[in-house]
Structures are given as structure tokens and as C-alpha cells.
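Printed here is final.cif (mmCIF, C-alpha atoms):
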data_start
loop_
_atom_site.label_atom_id
_atom_site.label_comp_id
_atom_site.auth_asym_id
_atom_site.auth_seq_id
_atom_site.Cartn_x
_atom_site.Cartn_y
_atom_site.Cartn_z
CA MET A 1 80.85 -18.46 -2.30
CA LYS A 2 77.90 -20.16 -0.79
CA PRO A 3 77.60 -23.79 -1.49
CA ALA A 4 74.86 -24.55 -4.03
CA ARG A 5 71.72 -25.93 -2.49
CA LYS A 6 71.58 -29.61 -2.54
CA ASP A 7 69.15 -31.20 -5.01
CA SER A 8 67.22 -32.74 -2.13
CA THR A 9 66.67 -29.32 -0.50
CA ASN A 10 65.42 -27.99 -3.80
CA LEU A 11 63.05 -30.88 -4.07
CA ILE A 12 61.71 -30.33 -0.56
CA LEU A 13 61.27 -26.61 -1.20
CA SER A 14 59.47 -27.32 -4.47
CA VAL A 15 57.15 -29.77 -2.79
CA ILE A 16 56.42 -27.33 0.05
CA CYS A 17 55.73 -24.60 -2.55
CA ALA A 18 53.45 -26.89 -4.49
CA ILE A 19 51.57 -27.83 -1.35
CA LEU A 20 51.18 -24.20 -0.31
CA VAL A 21 49.97 -23.19 -3.77
CA THR A 22 47.53 -26.04 -3.93
CA PHE A 23 46.31 -25.21 -0.44
CA GLY A 24 45.93 -21.56 -1.43
CA VAL A 25 44.03 -22.37 -4.58
CA GLY A 26 41.87 -24.75 -2.60
CA LEU A 27 41.05 -22.01 -0.08
CA ILE A 28 40.11 -19.58 -2.84
CA LEU A 29 37.94 -22.11 -4.57
CA SER A 30 36.17 -23.15 -1.37
CA PHE A 31 35.63 -19.82 0.29
CA GLY A 32 35.97 -17.37 -2.56
CA PRO A 33 32.36 -17.54 -3.75
CA VAL A 34 31.02 -17.22 -0.21
CA LEU A 35 33.30 -14.30 0.61
CA TYR A 36 32.38 -12.61 -2.67
CA GLN A 37 28.72 -13.01 -1.89
CA GLN A 38 29.19 -11.58 1.61
CA LEU A 39 31.05 -8.60 0.26
CA THR A 40 28.67 -7.81 -2.58
CA GLN A 41 25.24 -8.82 -1.22
CA PRO A 42 23.38 -6.90 1.45
CA SER A 43 24.10 -8.35 4.84
CA PHE A 44 20.39 -8.40 5.78
CA ASN A 45 18.59 -11.46 4.45
CA ALA A 46 15.48 -9.58 3.41
CA SER A 47 12.20 -10.71 1.87
CA PRO A 48 12.12 -10.79 -1.93
CA SER A 49 10.06 -7.65 -2.57
CA SER A 50 11.98 -5.38 -0.27
CA ILE A 51 14.62 -2.84 -1.20
CA VAL A 52 17.46 -3.06 1.29
CA LYS A 53 19.08 0.17 2.44
CA ASP A 54 22.70 -0.89 2.60
CA PRO A 55 24.35 0.46 4.63
CA PRO A 56 21.42 1.44 6.90
CA LYS A 57 20.76 5.17 6.78
CA ALA A 58 20.41 7.16 9.99
CA VAL A 59 17.30 9.24 9.37
CA ARG A 60 17.56 12.94 10.25
CA ASP A 61 15.47 13.71 13.29
CA PHE A 62 12.34 15.73 12.74
CA VAL A 63 9.42 17.02 14.79
CA LEU A 64 5.82 16.89 13.62
CA THR A 65 2.41 16.96 15.32
CA ASN A 66 0.47 13.78 16.04
CA GLN A 67 -3.28 13.22 15.94
CA ASN A 68 -3.57 14.34 19.56
CA GLY A 69 -1.95 17.66 18.81
CA GLN A 70 1.31 16.68 20.54
CA ALA A 71 4.77 17.38 19.18
CA VAL A 72 6.46 14.13 18.28
CA ARG A 73 10.10 13.72 17.32
CA LEU A 74 11.21 10.79 15.24
CA SER A 75 13.77 10.15 18.00
CA ASP A 76 10.88 9.83 20.49
CA LEU A 77 9.85 6.72 18.58
CA ARG A 78 13.24 5.04 19.00
CA GLY A 79 13.40 1.80 20.91
CA LYS A 80 10.94 0.09 18.56
CA PRO A 81 11.15 -0.56 14.83
CA LEU A 82 8.63 1.38 12.81
CA MET A 83 6.81 1.18 9.50
CA LEU A 84 6.20 4.54 7.89
CA PHE A 85 4.59 5.85 4.74
CA PHE A 86 3.64 9.21 3.22
CA GLY A 87 -0.08 9.49 2.48
CA TYR A 88 -3.10 11.66 3.10
CA THR A 89 -6.66 11.17 4.30
CA HIS A 90 -8.41 12.42 1.15
CA CYS A 91 -6.93 9.51 -0.73
CA PRO A 92 -9.82 7.09 -1.24
CA ASP A 93 -8.00 4.36 -3.09
CA VAL A 94 -4.24 3.96 -2.46
CA CYS A 95 -3.51 5.13 1.08
CA PRO A 96 -6.28 3.09 2.74
CA VAL A 97 -4.68 -0.01 1.21
CA THR A 98 -1.31 0.81 2.76
CA VAL A 99 -2.81 1.50 6.17
CA ALA A 100 -4.87 -1.69 5.91
CA ASP A 101 -1.64 -3.52 5.05
CA PHE A 102 -0.11 -2.11 8.23
CA VAL A 103 -3.13 -3.43 10.15
CA GLN A 104 -2.52 -6.87 8.65
CA VAL A 105 1.19 -6.78 9.46
CA LYS A 106 0.39 -5.85 13.05
CA LYS A 107 -2.01 -8.81 13.29
CA LYS A 108 0.57 -11.16 11.84
CA LEU A 109 3.16 -10.05 14.37
CA GLY A 110 1.02 -11.66 17.07
CA ASP A 111 2.41 -11.07 20.54
CA GLN A 112 5.16 -8.89 19.08
CA ALA A 113 2.59 -6.45 17.70
CA GLY A 114 3.12 -3.99 20.52
CA ASN A 115 6.84 -3.78 19.72
CA VAL A 116 6.40 -1.98 16.40
CA ASN A 117 5.12 1.51 15.62
CA PHE A 118 3.04 2.22 12.50
CA VAL A 119 3.23 5.76 11.21
CA MET A 120 1.53 7.77 8.50
CA VAL A 121 3.07 11.13 7.67
CA THR A 122 0.58 13.27 5.79
CA VAL A 123 1.63 14.98 2.61
CA ASP A 124 -1.50 17.15 2.90
CA GLY A 125 -0.87 19.26 5.99
CA ASP A 126 -3.34 21.90 4.80
CA ARG A 127 -6.34 19.60 5.13
CA ASP A 128 -5.01 16.87 7.43
CA THR A 129 -5.12 18.58 10.79
CA PRO A 130 -4.59 16.50 13.95
CA ALA A 131 -8.38 16.19 14.35
CA VAL A 132 -8.76 14.92 10.80
CA LEU A 133 -5.93 12.41 11.31
CA LYS A 134 -7.50 11.20 14.52
CA ASN A 135 -10.85 10.66 12.83
CA TYR A 136 -9.14 8.83 9.98
CA MET A 137 -7.16 6.46 12.18
CA LYS A 138 -10.32 5.35 13.98
CA THR A 139 -11.26 3.23 10.96
CA PHE A 140 -7.90 1.45 11.15
CA ASP A 141 -6.10 1.34 14.51
CA THR A 142 -6.02 4.11 17.06
CA SER A 143 -2.52 3.09 18.16
CA PHE A 144 -1.17 4.07 14.74
CA VAL A 145 0.66 7.37 14.68
CA GLY A 146 -0.58 10.07 12.32
CA LEU A 147 1.85 12.96 11.86
CA THR A 148 1.21 16.31 10.29
CA GLY A 149 3.19 19.45 9.64
CA SER A 150 3.70 22.13 7.05
CA THR A 151 4.20 21.19 3.42
CA GLU A 152 7.78 22.48 3.57
CA GLN A 153 8.61 20.40 6.63
CA VAL A 154 7.15 17.22 5.20
CA LYS A 155 8.74 17.76 1.79
CA SER A 156 12.12 17.93 3.48
CA ILE A 157 11.45 14.76 5.49
CA ALA A 158 10.12 12.94 2.44
CA ALA A 159 13.21 13.92 0.45
CA ASP A 160 15.34 12.05 2.99
CA PHE A 161 13.52 8.91 1.90
CA GLY A 162 13.58 9.73 -1.78
CA ALA A 163 9.83 10.26 -1.55
CA SER A 164 7.99 13.19 -3.10
CA PHE A 165 4.52 14.63 -3.49
CA GLN A 166 2.72 17.47 -5.18
CA LYS A 167 -0.61 19.25 -5.08
CA GLN A 168 -2.57 19.09 -8.29
CA GLN A 169 -5.30 21.45 -9.34
CA SER A 170 -8.05 19.96 -11.42
CA ALA A 171 -11.20 21.47 -12.83
CA GLY A 172 -12.85 18.07 -13.07
CA THR A 173 -13.43 17.66 -9.34
CA GLU A 174 -15.15 19.51 -6.52
CA ALA A 175 -12.20 18.72 -4.24
CA SER A 176 -9.97 21.72 -3.56
CA TYR A 177 -7.06 19.87 -5.09
CA LEU A 178 -5.67 16.40 -5.61
CA MET A 179 -2.32 15.00 -4.49
CA ALA A 180 0.24 13.10 -6.49
CA HIS A 181 2.61 11.14 -4.26
CA THR A 182 5.09 8.29 -4.21
CA SER A 183 3.76 5.24 -2.42
CA PHE A 184 6.55 3.30 -0.73
CA SER A 185 6.53 2.07 2.84
CA TYR A 186 9.68 2.35 4.90
CA LEU A 187 10.99 0.18 7.73
CA LEU A 188 13.17 1.81 10.36
CA ASP A 189 14.88 -0.17 13.09
CA ALA A 190 14.81 0.56 16.81
CA GLN A 191 17.83 2.84 16.43
CA GLY A 192 15.97 5.01 13.94
CA ARG A 193 17.93 3.79 10.93
CA TRP A 194 16.20 3.26 7.62
CA ARG A 195 16.69 -0.41 6.74
CA LEU A 196 14.16 -1.37 4.07
CA ALA A 197 11.69 0.09 1.58
CA TYR A 198 8.62 -1.61 0.08
CA PRO A 199 6.83 -0.77 -3.13
CA PHE A 200 3.07 -0.27 -2.84
CA GLY A 201 1.36 -3.65 -2.86
CA THR A 202 4.16 -5.62 -1.21
CA ALA A 203 2.80 -8.75 0.47
CA THR A 204 2.13 -8.26 4.17
CA ASP A 205 3.84 -11.59 4.87
CA ASP A 206 7.06 -10.15 3.47
CA MET A 207 6.92 -7.02 5.61
CA THR A 208 6.07 -9.12 8.66
CA GLN A 209 8.98 -11.47 8.03
CA ASP A 210 11.43 -8.59 7.79
CA LEU A 211 10.05 -6.95 10.91
CA GLN A 212 10.44 -10.18 12.84
CA LYS A 213 14.09 -10.31 11.80
CA ILE A 214 14.65 -6.69 12.77
CA LEU A 215 12.95 -7.35 16.11
CA GLY A 216 15.29 -10.28 16.60
CA GLU A 217 18.26 -7.98 16.29
CA SER A 218 17.72 -6.25 19.61
CA MET B 1 -3.16 -47.23 -18.18
CA LYS B 2 -5.46 -44.95 -20.20
CA ASN B 3 -7.95 -44.82 -17.33
CA LEU B 4 -5.22 -43.96 -14.90
CA PHE B 5 -4.02 -41.18 -17.17
CA ALA B 6 -7.54 -39.82 -17.54
CA ALA B 7 -8.04 -39.92 -13.79
CA ALA B 8 -4.75 -38.11 -13.20
CA LEU B 9 -5.67 -35.47 -15.78
CA CYS B 10 -9.03 -34.92 -14.14
CA ALA B 11 -7.38 -34.59 -10.76
CA ALA B 12 -4.84 -32.12 -12.10
CA LEU B 13 -7.54 -30.00 -13.75
CA THR B 14 -9.61 -29.99 -10.58
CA LEU B 15 -6.66 -28.96 -8.49
CA SER B 16 -5.74 -26.15 -10.84
CA ALA B 17 -9.34 -24.96 -10.88
CA CYS B 18 -9.26 -24.83 -7.08
CA ALA B 19 -6.03 -22.89 -7.19
CA THR B 20 -7.47 -20.24 -9.48
CA ALA B 21 -10.86 -20.01 -7.82
CA PRO B 22 -11.57 -16.52 -6.49
CA THR B 23 -10.86 -16.14 -2.78
CA ALA B 24 -13.95 -15.99 -0.61
CA ALA B 25 -15.19 -12.64 0.61
CA PRO B 26 -14.31 -11.91 4.25
CA SER B 27 -16.72 -13.75 6.50
CA ASP B 28 -18.08 -10.53 7.95
CA ALA B 29 -18.86 -9.09 4.51
CA VAL B 30 -22.39 -8.66 3.23
CA VAL B 31 -22.45 -9.49 -0.45
CA SER B 32 -24.70 -7.12 -2.36
CA SER B 33 -27.27 -8.68 -4.64
CA PRO B 34 -26.72 -7.82 -8.28
CA ALA B 35 -28.68 -4.78 -9.38
CA THR B 36 -30.03 -4.78 -12.90
CA ALA B 37 -31.69 -2.07 -14.96
CA GLY B 38 -32.14 -2.56 -18.68
CA ASN B 39 -28.94 -3.98 -20.11
CA ILE B 40 -26.84 -2.96 -17.16
CA THR B 41 -26.01 -5.19 -14.21
CA VAL B 42 -23.95 -4.05 -11.23
CA THR B 43 -22.23 -6.63 -9.03
CA ASN B 44 -19.52 -6.85 -6.37
CA ALA B 45 -20.23 -3.40 -5.01
CA TRP B 46 -18.52 -2.34 -1.78
CA ALA B 47 -17.41 0.80 -0.01
CA ARG B 48 -14.62 1.60 2.43
CA PRO B 49 -15.36 2.57 6.02
CA ALA B 50 -15.19 6.26 6.93
CA LEU B 51 -16.30 8.36 9.86
CA ALA B 52 -18.10 11.64 9.42
CA MET B 53 -16.72 14.78 11.03
CA LYS B 54 -18.36 17.97 12.18
CA MET B 55 -17.74 20.29 9.28
CA ASP B 56 -16.65 23.24 11.40
CA VAL B 57 -13.67 21.16 12.49
CA VAL B 58 -12.58 20.67 8.90
CA THR B 59 -10.23 23.20 7.35
CA GLU B 60 -11.66 25.15 4.47
CA THR B 61 -9.25 25.85 1.71
CA ALA B 62 -9.55 28.12 -1.27
CA GLY B 63 -13.22 28.76 -0.57
CA HIS B 64 -14.16 25.14 -1.21
CA SER B 65 -15.85 23.12 1.45
CA MET B 66 -15.62 19.72 -0.20
CA ASP B 67 -12.71 18.84 2.09
CA GLY B 68 -14.43 16.57 4.56
CA PRO B 69 -13.79 12.85 5.03
CA VAL B 70 -13.83 10.62 1.97
CA SER B 71 -14.59 7.02 1.18
CA GLY B 72 -13.92 4.91 -1.88
CA ALA B 73 -16.49 2.65 -3.53
CA TYR B 74 -16.07 -0.11 -6.11
CA MET B 75 -18.20 -2.33 -8.32
CA ILE B 76 -18.38 -4.22 -11.58
CA ILE B 77 -20.69 -2.81 -14.25
CA GLU B 78 -21.69 -5.21 -17.01
CA ASN B 79 -23.47 -4.22 -20.18
CA LYS B 80 -25.43 -6.77 -22.19
CA GLY B 81 -26.52 -4.24 -24.80
CA ALA B 82 -25.43 -1.25 -26.82
CA ALA B 83 -22.59 0.98 -25.67
CA ASP B 84 -23.54 3.18 -22.73
CA LYS B 85 -21.85 5.56 -20.32
CA LEU B 86 -22.00 5.98 -16.58
CA LEU B 87 -22.42 9.72 -16.27
CA SER B 88 -22.75 10.34 -12.57
CA LEU B 89 -23.55 8.96 -9.17
CA SER B 90 -25.25 10.33 -6.12
CA THR B 91 -25.87 9.17 -2.59
CA SER B 92 -27.52 10.49 0.51
CA VAL B 93 -24.48 9.61 2.66
CA ALA B 94 -22.07 11.95 0.93
CA GLU B 95 -22.27 15.40 -0.60
CA ALA B 96 -20.64 14.27 -3.80
CA ALA B 97 -19.73 11.04 -5.55
CA GLU B 98 -17.15 11.35 -8.30
CA ILE B 99 -15.64 8.89 -10.75
CA HIS B 100 -11.84 8.80 -10.44
CA GLN B 101 -9.05 6.70 -11.80
CA THR B 102 -5.83 5.90 -9.96
CA THR B 103 -2.88 6.22 -12.29
CA GLU B 104 0.84 5.96 -11.82
CA SER B 105 3.43 8.06 -13.58
CA ASN B 106 7.15 8.02 -12.76
CA GLY B 107 6.47 6.33 -9.43
CA MET B 108 3.90 8.97 -8.45
CA MET B 109 0.38 7.79 -7.69
CA MET B 110 -2.24 10.19 -8.98
CA MET B 111 -5.98 10.46 -9.21
CA GLU B 112 -7.56 11.48 -12.49
CA PRO B 113 -11.10 12.77 -12.17
CA MET B 114 -13.51 11.63 -14.90
CA PRO B 115 -16.13 14.38 -14.86
CA ASP B 116 -17.54 13.33 -18.24
CA GLY B 117 -18.25 9.83 -16.99
CA ILE B 118 -16.95 6.46 -18.07
CA ASP B 119 -17.83 4.39 -21.12
CA ILE B 120 -19.43 1.03 -20.53
CA PRO B 121 -18.70 -0.81 -23.79
CA ALA B 122 -21.35 -2.76 -25.70
CA ASN B 123 -21.44 -6.34 -24.44
CA GLY B 124 -18.59 -5.42 -22.13
CA LYS B 125 -17.86 -4.54 -18.56
CA VAL B 126 -15.96 -2.03 -16.48
CA GLU B 127 -14.39 -2.96 -13.17
CA PHE B 128 -14.01 -0.40 -10.43
CA LYS B 129 -11.32 -1.78 -8.12
CA PRO B 130 -8.46 -0.62 -5.87
CA GLY B 131 -5.63 0.83 -7.91
CA SER B 132 -7.91 1.54 -10.86
CA TYR B 133 -11.33 3.14 -11.43
CA HIS B 134 -13.12 4.00 -8.21
CA ILE B 135 -15.89 6.18 -6.88
CA THR B 136 -14.78 8.86 -4.44
CA LEU B 137 -17.48 9.75 -1.94
CA MET B 138 -16.79 13.22 -0.61
CA ASN B 139 -17.93 14.94 2.56
CA ILE B 140 -19.28 11.83 4.24
CA LYS B 141 -22.38 12.82 6.19
CA GLU B 142 -22.78 9.76 8.35
CA ASP B 143 -20.49 7.05 9.67
CA LEU B 144 -19.83 4.22 7.23
CA LYS B 145 -19.07 1.17 9.29
CA PRO B 146 -18.34 -2.40 8.13
CA GLY B 147 -21.65 -4.25 8.03
CA ASN B 148 -23.66 -1.12 7.15
CA THR B 149 -25.01 -0.63 3.66
CA ILE B 150 -25.33 2.57 1.66
CA SER B 151 -27.32 3.33 -1.49
CA LEU B 152 -25.76 4.70 -4.63
CA THR B 153 -27.84 5.98 -7.54
CA LEU B 154 -26.17 5.51 -10.92
CA LYS B 155 -27.17 7.60 -13.94
CA PHE B 156 -26.38 6.38 -17.44
CA GLN B 157 -26.28 8.20 -20.76
CA SER B 158 -28.94 5.84 -22.09
CA GLY B 159 -31.32 7.34 -19.54
CA GLN B 160 -31.11 4.29 -17.32
CA GLU B 161 -31.03 5.01 -13.63
CA MET B 162 -30.43 2.43 -10.99
CA LEU B 163 -30.13 2.14 -7.25
CA VAL B 164 -27.34 -0.07 -5.98
CA VAL B 165 -27.13 -1.24 -2.38
CA VAL B 166 -23.48 -1.11 -1.41
CA PRO B 167 -22.16 -2.85 1.70
CA VAL B 168 -19.37 -1.24 3.68
CA ARG B 169 -16.43 -3.62 4.03
CA GLU B 170 -13.21 -3.54 6.03
CA ASN B 171 -10.40 -1.84 4.14
CA GLN B 172 -8.47 -4.16 1.86
#
Any chance you could put this one into C-alpha cells?
Amino acid sequence: MKPARKDSTNLILSVICAILVTFGVGLILSFGPVLYQQLTQPSFNASPSSIVKDPPKAVRDFVLTNQNGQAVRLSDLRGKPLMLFFGYTHCPDVCPVTVADFVQVKKKLGDQAGNVNFVMVTVDGDRDTPAVLKNYMKTFDTSFVGLTGSTEQVKSIAADFGASFQKQQSAGTEASYLMAHTSFSYLLDAQGRWRLAYPFGTATDDMTQDLQKILGES
Amino acid sequence: MKNLFAAALCAALTLSACATAPTAAPSDAVVSSPATAGNITVTNAWARPALAMKMDVVTETAGHSMDGPVSGAYMIIENKGAADKLLSLSTSVAEAAEIHQTTESNGMMMMEPMPDGIDIPANGKVEFKPGSYHITLMNIKEDLKPGNTISLTLKFQSGQEMLVVVPVRENQ
């Protein structure tokens, strides 16, 4: 039969246990909240208005036609972050605001302006031919990329972003039709991953701030 | 102490007034003079830039040809008298000028045409502004560039007709 542990050994063991428990509790109390935050919050410290895509979503490659009539793949635009939205040129009120916002963001990027692409994908391929897109971009920035394709193609691309659009017939207008469309802007990083989304009207300072952070990642 | 308090209150009021003061128009903007006809006064008119295109380059769909470049125009219409209605607009720089309203439904932005016109309430005003009521100029016939001005003719139900000089401003 083993000899019973001495009282002094018991005492030492108890003290060691107590110390370990206290230490453990201390660790949990000190680092628990921070760890919890890291695990539950998005890892990208984004601007307040943005919607963070966590984890980043690799966007399916697609090919559309730009305002110069050239085939452009989304993967061709890799290497630079890009801002993208779905709009159309016969939109007199909402889309010009988004494109103007992109112009502002580009200005605010200063000497980093050339490191970001700005893209409009038209939801109105029937009317927005490359020539029409080219004419449209002249009032904003000719370095911006206008992309057009068939309605089916663009619907599929838009769906990847949770965006949608629809033609609307209306007797009250001389226009052939009107378009209903969602109005978010999307930020993709240089690897072509969707990182952030912005509701229409998001402050250009916020988008600029996020872009600067994304640029800092490479 | 009372004087100090009064001075501080004045300062606070002045500062808050400055904070809520409307932001200045862009320095390159031409501000249109108010146009008045009868009880109606139009102020703060402006139009977006747009470039005309040769119409043969524009796709025709469904037999319509009103598919050329568009511009949006905005203004504030104030009415000092009895209720009236803006029925229609016309301009030499576009083939059509329609009253539209931007609306949002389930996250989708839409444009509602207002072919019957828009009420201008008695002793009230209507603001055409981005995201709300706007004038859509269709089939732009000549380039609208910031710094240019265009003329819009407004027709009201009361019989009032007025010409408004509308400067073209950078998109905002």
C-alpha cells in the first residue's frame, strides 16, 4: 500500500492548483474579450457604411465588351483593386451620382488613383452599346471601364453579387422602357475577390478609406 | 456672469448656424437667376452634363427612337398663390423633357414617369433633386457641358408659361 501523501505535499499541490486556476481565469478575463471579438468580427477594419464580405468571395470570371469594343475578362483587371456597380446610361438621376462618386474617390486617392479601376457594368445591353458607353464616360472619366453584354450574361454576373435588375414597360414615357435595378457599389481587391459592398449614397471618404487599406495589403 | 452666459449663448447659436448653413455651390457653377411668372418662382435650376450622339449610332428598339443620350435637370418651384400644376416642359436641346420620380422598392431603384404632371401646392413648393423628382431630358441634340446654359420652358395648368435658364453643372 502506497504511503499516504504527506500533508505538506497536499498543501503544495493545492497551492499550485490554485495558482494555475487563478492564472487561467486571469488569462480568460484578459484575453477572452479580445479573442471573442477577433473570432466574431470581420477581420477587415472597414468604414462604417460598408458591408464587409467575410470571408472574401472569389468572383466568378466573366467576359464582357468594353467601350472600345474589346473583350475584357474580369481576370484581366486583376492586379489592381476595383470599384464596380451595375447601372445604365439612360438613368438620369441615380447612376450619374454613383459614377460621380467614383470620380470623387479617384480624386481623393491622390497619387494612388492610377492603382484602382472603376467599372460600370450596364444592365441595359440592348441600348448601351460600346459606342454609347464611350460617349457616356466622356462626361466622367475616360479611364473608367464601361462593360456591356447580353441581358442574360449580365444577369448572371449581377446574381453573383446579389444584384438584380429588370426592364419595365411604361405607357407614361416616350422611352422604350425603364430599368429597375439595385444600386450598390462593390469593391474587389487586386486578387479579384469581393471584399466590400456600399449602399447607394455612401460617403466617398468611406470608400476612399477602405480602398487605401486594400491598396496597403499588397 | 449673466453677460458671459449671454455671450456664450450667442457664440453657440452663431456656430450652430454656421454648421447648418447650406454648402456653397461649386466655384465653377453658374447660379441661375430666379425666374418668376405669376405666382410661380423657379430657383436652383441645374442640369447634368451629357454629350449628344449621332442618332444612327444609337440602337433603335421596339420601333422607338427616343433612346439617345439623356440628361437630368433639377429645380425648386415655389408657389405663392393658388394650387397649380406643372404639366410639361420643353427645350430646344432635347427631343423630350419628362417629369420623373426616383423611387425605391425592395432595394430596387426605379423611375416613375409622371405624364400627368406634378402638383405645385398652394403657398407651397416642390423640389426636384437627385433621388427624388427630376426632369429627364431625352435625345440630347447638342453637347451639354459644365458652364453652358440651356433653356427650359415650363407649362402650368393655370396657363402660366415660363422660360428658365438652366446652367449645366458637374455631376453631383
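Close contacts of Asn66 of chain A, defined as residues with an atom at most 8 Å away when counting all atoms listed in the file, with chain neighbours fewer than 2 positions off set aside, comprise A:Leu64, A:Asn68, A:Gly69, A:Gln70, A:Ala71, A:Val72, A:Pro130, A:Val145, A:Gly146, A:Leu147, A:Thr148.
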7 Å contact set for Lys80 of chain B, all atoms listed in the file, chain neighbours under 4 positions out, as a list in words:
Asn39, Ile40, Ala122, Asn123 and Gly124 of chain B
List as CSV every residue of chain A that is in contact with chain B, defined as an atom at most 8 Å from one of its atoms (using only C-alpha atoms), together with the nearest atom pair and the distance in Å rounded to one decimal, sorted by chain and then rising number.
residue,atom,partner,partner_atom,distance
A:Thr89,CA,B:Pro69,CA,7.4
A:His90,CA,B:Val70,CA,5.8
A:Cys91,CA,B:Val70,CA,7.5
A:Pro92,CA,B:Gly72,CA,4.7
A:Asp93,CA,B:Pro130,CA,5.7
A:Val94,CA,B:Gly131,CA,6.4
A:Pro96,CA,B:Asn171,CA,6.6
A:Val97,CA,B:Gln172,CA,5.7
A:Ala100,CA,B:Asn171,CA,5.8
A:Asp101,CA,B:Gln172,CA,7.6
A:Asp126,CA,B:Thr59,CA,7.5
A:Arg127,CA,B:Thr59,CA,5.7
A:Thr129,CA,B:Thr59,CA,7.7
A:Ala131,CA,B:Val57,CA,7.5
A:Val132,CA,B:Val58,CA,7.2
A:Asn135,CA,B:Leu51,CA,6.6
A:Tyr136,CA,B:Leu51,CA,7.2
A:Lys138,CA,B:Leu51,CA,7.9
A:Thr139,CA,B:Ala50,CA,6.4
A:Ser164,CA,B:Met108,CA,7.9
A:Phe165,CA,B:Met108,CA,7.6
A:Ser170,CA,B:Pro113,CA,7.8
A:Gly172,CA,B:Pro115,CA,5.3
A:Thr173,CA,B:Pro113,CA,6.1
A:Glu174,CA,B:Met66,CA,6.3
A:Ala175,CA,B:Met66,CA,5.4
A:Ser176,CA,B:His64,CA,5.9
A:Leu178,CA,B:Met111,CA,7.0
A:Met179,CA,B:Met110,CA,6.6
A:Ala180,CA,B:Met110,CA,4.6
A:His181,CA,B:Met108,CA,4.9
A:Thr182,CA,B:Met108,CA,4.5
A:Ser183,CA,B:Met109,CA,6.8
Determine the residue set returned by the PyMOL selection byres ((chain A and resi 193-200) around 9) for the present structure, and present it as a JSON list (two decimals) with C-alpha atoms, in the coordinates of the input.
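Done, and the output landed in part.json:
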[["chain", "number", "residue", "atom", "x", "y", "z"],
["A", 44, "PHE", "CA", 20.39, -8.40, 5.78],
["A", 46, "ALA", "CA", 15.48, -9.58, 3.41],
["A", 49, "SER", "CA", 10.06, -7.65, -2.57],
["A", 50, "SER", "CA", 11.98, -5.38, -0.27],
["A", 51, "ILE", "CA", 14.62, -2.84, -1.20],
["A", 52, "VAL", "CA", 17.46, -3.06, 1.29],
["A", 53, "LYS", "CA", 19.08, 0.17, 2.44],
["A", 54, "ASP", "CA", 22.70, -0.89, 2.60],
["A", 55, "PRO", "CA", 24.35, 0.46, 4.63],
["A", 56, "PRO", "CA", 21.42, 1.44, 6.90],
["A", 57, "LYS", "CA", 20.76, 5.17, 6.78],
["A", 58, "ALA", "CA", 20.41, 7.16, 9.99],
["A", 59, "VAL", "CA", 17.30, 9.24, 9.37],
["A", 81, "PRO", "CA", 11.15, -0.56, 14.83],
["A", 94, "VAL", "CA", -4.24, 3.96, -2.46],
["A", 97, "VAL", "CA", -4.68, -0.01, 1.21],
["A", 98, "THR", "CA", -1.31, 0.81, 2.76],
["A", 161, "PHE", "CA", 13.52, 8.91, 1.90],
["A", 182, "THR", "CA", 5.09, 8.29, -4.21],
["A", 183, "SER", "CA", 3.76, 5.24, -2.42],
["A", 184, "PHE", "CA", 6.55, 3.30, -0.73],
["A", 185, "SER", "CA", 6.53, 2.07, 2.84],
["A", 186, "TYR", "CA", 9.68, 2.35, 4.90],
["A", 187, "LEU", "CA", 10.99, 0.18, 7.73],
["A", 188, "LEU", "CA", 13.17, 1.81, 10.36],
["A", 189, "ASP", "CA", 14.88, -0.17, 13.09],
["A", 190, "ALA", "CA", 14.81, 0.56, 16.81],
["A", 191, "GLN", "CA", 17.83, 2.84, 16.43],
["A", 192, "GLY", "CA", 15.97, 5.01, 13.94],
["A", 201, "GLY", "CA", 1.36, -3.65, -2.86],
["A", 202, "THR", "CA", 4.16, -5.62, -1.21],
["A", 207, "MET", "CA", 6.92, -7.02, 5.61],
["A", 210, "ASP", "CA", 11.43, -8.59, 7.79],
["A", 214, "ILE", "CA", 14.65, -6.69, 12.77]]
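For the pair atom CA of Met75 of chain B and atom CA of Gly159 of chain B, the separation is 19.8 Å.
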Find the axis-aligned box for segment 136-154 of chain B, covering all its listed atoms and adding 8 Å on each side, and write its centre and edge lengths in Å to one decimal as JSON.
{"center_x": -21.3, "center_y": 5.3, "center_z": -0.6, "size_x": 29.1, "size_y": 35.2, "size_z": 36.6}
Atom CA of Phe144 of chain A and atom CA of Lys108 of chain A, how far apart in Å?
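Calculated distance between atom CA of Lys108 of chain A and atom CA of Phe144 of chain A is 15.6 Å.
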Between atom CA of Met162 of chain B and atom CA of Ala37 of chain B, what is the distance in Å, rounded to a tenth?
6.1 Å
Could you tell me, as a list of chain:residue names, exactly which residues end up selected when the PyMOL selection byres ((chain B and resi 33) around 12) is applied to this structure?
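Checking the PyMOL selection byres ((chain B and resi 33) around 12) against this file, the residues are B:Val30, B:Val31, B:Ser32, B:Pro34, B:Ala35, B:Thr36, B:Thr41, B:Val42, B:Thr43, B:Asn44, B:Ala45, B:Trp46, B:Met75, B:Thr149, B:Leu163, B:Val164, B:Val165, B:Val166, B:Pro167.
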Generate the output file for the selected residues, C-alpha atoms, as an mmCIF file, in the coordinates of the input.
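Okay, this is what ended up in out01.cif:
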data_model
loop_
_atom_site.group_PDB
_atom_site.id
_atom_site.type_symbol
_atom_site.label_atom_id
_atom_site.label_comp_id
_atom_site.auth_asym_id
_atom_site.auth_seq_id
_atom_site.Cartn_x
_atom_site.Cartn_y
_atom_site.Cartn_z
ATOM 1 C CA VAL B 30 -22.390 -8.660 3.230
ATOM 2 C CA VAL B 31 -22.450 -9.490 -0.450
ATOM 3 C CA SER B 32 -24.700 -7.120 -2.360
ATOM 4 C CA PRO B 34 -26.720 -7.820 -8.280
ATOM 5 C CA ALA B 35 -28.680 -4.780 -9.380
ATOM 6 C CA THR B 36 -30.030 -4.780 -12.900
ATOM 7 C CA THR B 41 -26.010 -5.190 -14.210
ATOM 8 C CA VAL B 42 -23.950 -4.050 -11.230
ATOM 9 C CA THR B 43 -22.230 -6.630 -9.030
ATOM 10 C CA ASN B 44 -19.520 -6.850 -6.370
ATOM 11 C CA ALA B 45 -20.230 -3.400 -5.010
ATOM 12 C CA TRP B 46 -18.520 -2.340 -1.780
ATOM 13 C CA MET B 75 -18.200 -2.330 -8.320
ATOM 14 C CA THR B 149 -25.010 -0.630 3.660
ATOM 15 C CA LEU B 163 -30.130 2.140 -7.250
ATOM 16 C CA VAL B 164 -27.340 -0.070 -5.980
ATOM 17 C CA VAL B 165 -27.130 -1.240 -2.380
ATOM 18 C CA VAL B 166 -23.480 -1.110 -1.410
ATOM 19 C CA PRO B 167 -22.160 -2.850 1.700
#
